[in-house]
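Peer 1: One structure coming up, written as structure tokens, with questions to follow.
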Amino acid sequence: MSDAGFLATVPLLEGVPEAELAELSQVLRRREERPGAVLWREGEEARGMLFVVDGRVAVTLRLPGDRAVEVTRLGRGEVLG
């Protein structure tokens, strides 16, 4: 599936014309992360949007005592940032 084809499946982009999705796909960069990688930490500025293409992303919140709680999991077509 092309990047523009993938974007057409993203709920956030529902209704965006095909030509605009094709244009947006030209500025996207694919990025693969290893399991357990930290994309950014609470309080850091997010630099852009991340679209989940494959796999799942756990969103966690750090608690006192070096504990963490999983808030949600995001999958294909969901957006972070």
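Lettering and numbering for the structure tokens are positional, with chains as A, B, ... in the shown order, residues counted from 1 in each chain, and ligands counted from 1 in the shown order.
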When DSSP works through the backbone of this structure, what residues of chain A end up as strand (DSSP E), shown as an mmCIF file with N, CA, C and O atoms, in the first residue's frame?

Peer 2:
```cif
data_model
loop_
_atom_site.group_PDB
_atom_site.id
_atom_site.type_symbol
_atom_site.label_atom_id
_atom_site.label_comp_id
_atom_site.auth_asym_id
_atom_site.auth_seq_id
_atom_site.Cartn_x
_atom_site.Cartn_y
_atom_site.Cartn_z
ATOM 1 N N LEU A 50 3.195 11.337 14.606
ATOM 2 C CA LEU A 50 3.584 9.974 14.269
ATOM 3 C C LEU A 50 2.323 9.185 13.964
ATOM 4 O O LEU A 50 1.365 9.214 14.731
ATOM 5 N N PHE A 51 2.333 8.498 12.845
ATOM 6 C CA PHE A 51 1.235 7.617 12.460
ATOM 7 C C PHE A 51 1.695 6.189 12.704
ATOM 8 O O PHE A 51 2.774 5.803 12.247
ATOM 9 N N VAL A 57 1.735 0.846 19.970
ATOM 10 C CA VAL A 57 2.513 1.785 20.768
ATOM 11 C C VAL A 57 1.823 1.919 22.116
ATOM 12 O O VAL A 57 0.628 2.222 22.173
ATOM 13 N N ALA A 58 2.578 1.672 23.181
ATOM 14 C CA ALA A 58 2.048 1.837 24.538
ATOM 15 C C ALA A 58 2.312 3.269 24.988
ATOM 16 O O ALA A 58 3.426 3.772 24.854
ATOM 17 N N VAL A 59 1.287 3.921 25.506
ATOM 18 C CA VAL A 59 1.425 5.262 26.074
ATOM 19 C C VAL A 59 1.414 5.073 27.582
ATOM 20 O O VAL A 59 0.438 4.563 28.140
ATOM 21 N N THR A 60 2.510 5.460 28.224
ATOM 22 C CA THR A 60 2.627 5.269 29.670
ATOM 23 C C THR A 60 2.826 6.597 30.371
ATOM 24 O O THR A 60 3.292 7.569 29.788
ATOM 25 N N LEU A 61 2.481 6.601 31.631
ATOM 26 C CA LEU A 61 2.621 7.773 32.483
ATOM 27 C C LEU A 61 3.525 7.390 33.637
ATOM 28 O O LEU A 61 3.303 6.365 34.294
ATOM 29 N N ARG A 62 4.567 8.181 33.872
ATOM 30 C CA ARG A 62 5.478 7.936 34.982
ATOM 31 C C ARG A 62 4.850 8.400 36.286
ATOM 32 O O ARG A 62 4.255 9.466 36.347
ATOM 33 N N LEU A 63 5.015 7.593 37.305
ATOM 34 C CA LEU A 63 4.491 7.901 38.633
ATOM 35 C C LEU A 63 5.657 8.000 39.607
ATOM 36 O O LEU A 63 6.749 7.495 39.340
ATOM 37 N N ARG A 67 7.709 4.340 39.037
ATOM 38 C CA ARG A 67 6.681 3.432 38.538
ATOM 39 C C ARG A 67 6.083 4.028 37.277
ATOM 40 O O ARG A 67 6.176 5.215 37.037
ATOM 41 N N ALA A 68 5.461 3.176 36.500
ATOM 42 C CA ALA A 68 4.790 3.630 35.277
ATOM 43 C C ALA A 68 3.466 2.894 35.158
ATOM 44 O O ALA A 68 3.329 1.761 35.584
ATOM 45 N N VAL A 69 2.495 3.578 34.588
ATOM 46 C CA VAL A 69 1.199 2.959 34.334
ATOM 47 C C VAL A 69 0.867 3.156 32.856
ATOM 48 O O VAL A 69 1.083 4.235 32.300
ATOM 49 N N GLU A 70 0.402 2.089 32.223
ATOM 50 C CA GLU A 70 0.012 2.194 30.821
ATOM 51 C C GLU A 70 -1.349 2.856 30.739
ATOM 52 O O GLU A 70 -2.310 2.397 31.343
ATOM 53 N N VAL A 71 -1.423 3.943 29.984
ATOM 54 C CA VAL A 71 -2.657 4.702 29.827
ATOM 55 C C VAL A 71 -3.496 4.124 28.689
ATOM 56 O O VAL A 71 -4.706 3.990 28.806
ATOM 57 N N THR A 72 -2.828 3.794 27.591
ATOM 58 C CA THR A 72 -3.519 3.238 26.425
ATOM 59 C C THR A 72 -2.514 2.596 25.501
ATOM 60 O O THR A 72 -1.308 2.749 25.676
ATOM 61 N N ARG A 73 -3.042 1.878 24.525
ATOM 62 C CA ARG A 73 -2.220 1.326 23.437
ATOM 63 C C ARG A 73 -2.825 1.804 22.126
ATOM 64 O O ARG A 73 -4.039 1.809 21.954
ATOM 65 N N LEU A 74 -1.957 2.207 21.232
ATOM 66 C CA LEU A 74 -2.386 2.696 19.922
ATOM 67 C C LEU A 74 -1.937 1.710 18.854
ATOM 68 O O LEU A 74 -0.870 1.108 18.955
ATOM 69 N N VAL A 79 -2.717 8.081 15.790
ATOM 70 C CA VAL A 79 -1.775 9.183 15.688
ATOM 71 C C VAL A 79 -1.277 9.600 17.059
ATOM 72 O O VAL A 79 -2.041 9.643 18.023
ATOM 73 N N LEU A 80 0.007 9.946 17.134
ATOM 74 C CA LEU A 80 0.615 10.513 18.338
ATOM 75 C C LEU A 80 1.216 11.858 17.979
ATOM 76 O O LEU A 80 1.644 12.068 16.848
#
```

Peer 1: As a PyMOL selection string, please: the residues near Pro11 (chain A) (cut-off 12 Å, only C-alpha atoms, same-chain neighbours under 2 positions excluded).

Peer 2: chain A and resi 6-9+13-16+51-52+75-79

Peer 1: Those residues you just picked out, can you put them in a file as a short mmCIF file (atom, residue, chain, number, x, y, z; two decimals), in the first residue's frame with all heavy atoms?

Peer 2:
```
data_model
loop_
_atom_site.label_atom_id
_atom_site.label_comp_id
_atom_site.auth_asym_id
_atom_site.auth_seq_id
_atom_site.Cartn_x
_atom_site.Cartn_y
_atom_site.Cartn_z
N PHE A 6 -2.29 4.52 2.64
CA PHE A 6 -2.34 4.34 4.09
C PHE A 6 -3.03 5.54 4.75
O PHE A 6 -3.89 5.38 5.61
CB PHE A 6 -0.94 4.16 4.69
CG PHE A 6 -0.93 4.30 6.18
CD1 PHE A 6 -1.46 3.31 6.99
CD2 PHE A 6 -0.43 5.45 6.79
CE1 PHE A 6 -1.48 3.45 8.38
CE2 PHE A 6 -0.45 5.60 8.15
CZ PHE A 6 -0.97 4.60 8.95
N LEU A 7 -2.64 6.75 4.35
CA LEU A 7 -3.22 7.95 4.95
C LEU A 7 -4.74 7.98 4.79
O LEU A 7 -5.45 8.48 5.66
CB LEU A 7 -2.59 9.21 4.35
CG LEU A 7 -1.12 9.44 4.70
CD1 LEU A 7 -0.58 10.64 3.93
CD2 LEU A 7 -0.93 9.61 6.20
N ALA A 8 -5.23 7.44 3.70
CA ALA A 8 -6.68 7.41 3.46
C ALA A 8 -7.39 6.53 4.48
O ALA A 8 -8.60 6.65 4.66
CB ALA A 8 -6.97 6.92 2.05
N THR A 9 -6.65 5.65 5.19
CA THR A 9 -7.25 4.77 6.20
C THR A 9 -7.18 5.36 7.61
O THR A 9 -7.73 4.79 8.54
CB THR A 9 -6.56 3.40 6.22
OG1 THR A 9 -5.23 3.53 6.75
CG2 THR A 9 -6.53 2.77 4.85
N LEU A 13 -7.75 11.70 9.26
CA LEU A 13 -7.68 12.31 7.94
C LEU A 13 -8.89 12.01 7.07
O LEU A 13 -8.90 12.30 5.88
CB LEU A 13 -6.39 11.86 7.23
CG LEU A 13 -5.09 12.20 7.97
CD1 LEU A 13 -3.90 11.61 7.25
CD2 LEU A 13 -4.94 13.70 8.15
N GLU A 14 -9.91 11.45 7.68
CA GLU A 14 -11.13 11.12 6.94
C GLU A 14 -11.69 12.37 6.25
O GLU A 14 -11.80 13.43 6.86
CB GLU A 14 -12.18 10.55 7.90
CG GLU A 14 -13.42 10.05 7.22
CD GLU A 14 -14.40 9.45 8.21
OE1 GLU A 14 -13.96 8.83 9.20
OE2 GLU A 14 -15.61 9.63 8.00
N GLY A 15 -12.01 12.23 5.00
CA GLY A 15 -12.59 13.34 4.26
C GLY A 15 -11.58 14.24 3.58
O GLY A 15 -11.97 15.14 2.82
N VAL A 16 -10.29 14.03 3.84
CA VAL A 16 -9.27 14.84 3.17
C VAL A 16 -9.17 14.36 1.72
O VAL A 16 -9.07 13.16 1.46
CB VAL A 16 -7.90 14.72 3.89
CG1 VAL A 16 -6.81 15.42 3.11
CG2 VAL A 16 -7.99 15.26 5.31
N PHE A 51 2.33 8.50 12.85
CA PHE A 51 1.24 7.62 12.46
C PHE A 51 1.69 6.19 12.70
O PHE A 51 2.77 5.80 12.25
CB PHE A 51 0.90 7.78 10.97
CG PHE A 51 0.39 9.13 10.59
CD1 PHE A 51 1.25 10.13 10.17
CD2 PHE A 51 -0.97 9.41 10.66
CE1 PHE A 51 0.78 11.38 9.82
CE2 PHE A 51 -1.45 10.66 10.31
CZ PHE A 51 -0.58 11.64 9.88
N VAL A 52 0.90 5.41 13.39
CA VAL A 52 1.24 4.01 13.61
C VAL A 52 0.85 3.24 12.34
O VAL A 52 -0.32 3.21 11.98
CB VAL A 52 0.51 3.43 14.84
CG1 VAL A 52 0.88 1.97 15.04
CG2 VAL A 52 0.82 4.25 16.09
N GLY A 75 -2.76 1.55 17.83
CA GLY A 75 -2.45 0.63 16.74
C GLY A 75 -2.53 1.30 15.39
O GLY A 75 -2.62 2.53 15.28
N ARG A 76 -2.53 0.49 14.36
CA ARG A 76 -2.51 0.96 12.98
C ARG A 76 -3.54 2.07 12.73
O ARG A 76 -4.70 1.95 13.10
CB ARG A 76 -2.82 -0.22 12.05
CG ARG A 76 -2.79 0.16 10.59
CD ARG A 76 -3.05 -1.05 9.71
NE ARG A 76 -3.12 -0.69 8.32
CZ ARG A 76 -2.05 -0.41 7.55
NH1 ARG A 76 -0.85 -0.49 8.05
NH2 ARG A 76 -2.22 -0.07 6.29
N GLY A 77 -3.06 3.15 12.13
CA GLY A 77 -3.92 4.26 11.76
C GLY A 77 -4.13 5.29 12.86
O GLY A 77 -4.73 6.32 12.63
N GLU A 78 -3.59 5.01 14.05
CA GLU A 78 -3.74 5.98 15.14
C GLU A 78 -2.54 6.93 15.13
O GLU A 78 -1.50 6.65 14.55
CB GLU A 78 -3.92 5.26 16.47
CG GLU A 78 -5.24 4.50 16.48
CD GLU A 78 -5.55 3.88 17.81
OE1 GLU A 78 -4.99 2.81 18.09
OE2 GLU A 78 -6.38 4.45 18.55
N VAL A 79 -2.72 8.08 15.79
CA VAL A 79 -1.77 9.18 15.69
C VAL A 79 -1.28 9.60 17.06
O VAL A 79 -2.04 9.64 18.02
CB VAL A 79 -2.46 10.38 14.99
CG1 VAL A 79 -1.50 11.55 14.84
CG2 VAL A 79 -3.03 9.98 13.64
#
```

Peer 1: From the set A:Asp54, A:Asp66, A:Glu23, A:Glu18, which residue has the shortest atom-to-atom contact distance to Pro35 (chain A), counting only C-alpha atoms?

Peer 2: A:Asp54

Peer 1: Which parts of chain A does DSSP call alpha helix (DSSP H) when run on the backbone here, written out as number ranges by chain?

Peer 2: A: 3-7, 18-25

Peer 1: Residues of the last selection are to be written out with C-alpha atoms, as a PDB file, in the first residue's frame.

Peer 2:
```pdb
ATOM      1  CA  ASP A   3       1.767   6.110   1.822  1.00  0.00           C
ATOM      2  CA  ALA A   4      -1.177   8.050   0.370  1.00  0.00           C
ATOM      3  CA  GLY A   5      -3.252   4.862   0.448  1.00  0.00           C
ATOM      4  CA  PHE A   6      -2.339   4.340   4.093  1.00  0.00           C
ATOM      5  CA  LEU A   7      -3.224   7.951   4.953  1.00  0.00           C
ATOM      6  CA  GLU A  18      -6.964  12.292  -2.358  1.00  0.00           C
ATOM      7  CA  ALA A  19      -4.760  14.987  -3.918  1.00  0.00           C
ATOM      8  CA  GLU A  20      -4.002  16.463  -0.497  1.00  0.00           C
ATOM      9  CA  LEU A  21      -3.196  13.020   0.932  1.00  0.00           C
ATOM     10  CA  ALA A  22      -0.803  12.448  -1.975  1.00  0.00           C
ATOM     11  CA  GLU A  23       0.858  15.793  -1.245  1.00  0.00           C
ATOM     12  CA  LEU A  24       1.119  14.991   2.467  1.00  0.00           C
ATOM     13  CA  SER A  25       2.621  11.588   1.686  1.00  0.00           C
TER      14      SER A  25
END
```

Peer 1: Quick one: pull the distance between CA of Leu12 (chain A) and CA of Arg31 (chain A), Å, one decimal.

Peer 2: 19.8 Å

Peer 1: What's the separation between CA of Glu42 (chain A) and CA of Val10 (chain A), in Å to one decimal place?

Peer 2: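 These two atoms are separated by 24.7 Å.
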